[in-house]
Structure formats: structure tokens, C-alpha cells
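Visitor: Mind having a look at this structure? Questions to follow.
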Amino acid sequence: MAEQIVLRVPREIVVKVVDDVEVGDPQVGQTGTFDDELFDESGKLIGTSHGSFRIEYARPGDGGLMTYYSEDLTFEDGTVHAEGWADFNDVRTSEWVFYPAVGTGGRYEGLTGFRKWRMTGIRASAEARILLSD
């Protein structure tokens, strides 16, 4: 039977963000790094995320600001790396975005899936899910 793991992160708090993005008028070429703390439903700290992003190009047709995200998530029982494309306009308007994730250590080693998240407070908070299976 396939192993399936869903990590629910109802509260992801931005501990530190360093960027050159004007959220009201984001531009191609702008970048940032972030450090987040991940909390479960009971409010317990379950992990951390360290990542970066860069607004790479405006998508032809609808002007979506295609942004490449890369992050490493650390939990007590293992590690996960997630990276991929998301439209920065979706991020700043609290739409759900997702990109591939792969388990890199511990319980998650070799599992693959997605990290799905949406901003709930600009430069402040998010909610997220990590879905992995073998």
C-alpha cells in the first residue's frame, strides 16, 4: 500500500523576509529570501522553512508575474525540498499556489508530491499543506 503523508500547516509565520519587492507594483527581476516557522492545528511549532524567490518574467497573454520559488523545510522527523513556479499576483492576492516537493531526509526521504500554500498576511503569514507519497 502506498504511503501518503499530508502535513497541514494552518499557520506559517514569516520570521524574516529580505526582498526588494514593492508588493503593490512588483517587477520582473525582484528577489527575496525568507525564513518561516510552521505550526500545526494545536499551535505547536512543527518545522521551519528557508527559501528564496525571484520574479523571472511576465507571462504573455495575461501578464502573470512568473516567480521561481525554492525552499527547504525542516521537521523533527525529516526534511523536504520544494521548488517551482507560481504567479506572484496569485501570491499577493492570497490565492493557493503549489509546486513540486520531494522528501530529502528522515521519514520523507524519497517521497514526492507538492507544497501548496496561500498568503494570509503579506510578509507576515500563510497557511500551507505538504502532500507526499511514494
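Note on naming: chains are A, B, ... as they come in the C-alpha cells, residues start from 1 per chain, ligands start from 1 in the order shown.
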If we count only C-alpha atoms and set the cut-off at 12 Å, which residues sit around Leu45 (chain A), ignoring sequence neighbours fewer than 5 positions away in its own chain? Please answer as an MDAnalysis selection string.
Guide: chainID A and resid 8:13 36:40 74:76
Visitor: Just asking: which residues within chain A are strand (DSSP E or B) according to DSSP, as a PyMOL selection string?
Guide: chain A and resi 4-19+31-39+45-58+65-75+78-87+97-106+112-121+125-133
Visitor: Contacts of Val6 (chain A) at 9 Å or less, counting only C-alpha atoms, minus same-chain residues fewer than 6 places along, as a ChimeraX atom specification?
Guide: /A:129-133
Visitor: So that I can see what lies close to Gly51 (chain A), please list as a ChimeraX atom specification the residues with an atom at most 8 Å from it, counting only C-alpha atoms and leaving out residues fewer than 6 positions away in the same chain.
Guide: /A:33-35,69-72
Visitor: At a cut-off of 10 Å, using only C-alpha atoms, what residues contact region 65-67 of chain A? Leave out same-chain residues fewer than 4 positions from it and give the result as a ChimeraX atom specification.
Guide: /A:26-31,53-60,84-91
Visitor: Of the candidates A:Ala128, A:Val21, A:Val80, A:Ile122, which shows the shortest atom-to-atom distance to Arg107 (chain A), using only C-alpha atoms?
Guide: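 Of A:Ala128, A:Val21, A:Val80, A:Ile122, the one nearest Arg107 (chain A), counting only C-alpha atoms, is A:Val80.
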Visitor: Could you check how far CA of Asp25 (chain A) sits from CA of Thr120 (chain A), in Å to one decimal?
Guide: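 CA of Thr120 (chain A) lies at a distance of 18.6 Å from CA of Asp25 (chain A).
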Visitor: Could you check how far CA of Gly24 (chain A) sits from CA of Ala124 (chain A), in Å to one decimal?
Guide: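 Between these atoms lies a distance of 15.6 Å.
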Visitor: Name the residues of region 33-94 of chain A that come out as helix (DSSP H, G or I) in a backbone DSSP run; write them as a list of chain:residue names.
Guide: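 Filtering region 33-94 of chain A down to helix (DSSP H, G or I) leaves A:Phe88, A:Asn89, A:Asp90, A:Val91, A:Arg92.
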Visitor: So, with only C-alpha atoms as the atoms that count, which of A:Ser49, A:Gly103, A:Thr79, A:Val14 lies closest to Met119 (chain A)?
Guide: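 Looking only at the distances to Met119 (chain A), the closest residue turns out to be A:Val14.
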Visitor: Between A:His81, A:Leu73, A:Gln4, A:Ser94, which is the closest to Asp134 (chain A) once you count only C-alpha atoms?
Guide: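 Result for the nearest residue to Asp134 (chain A): A:Gln4.
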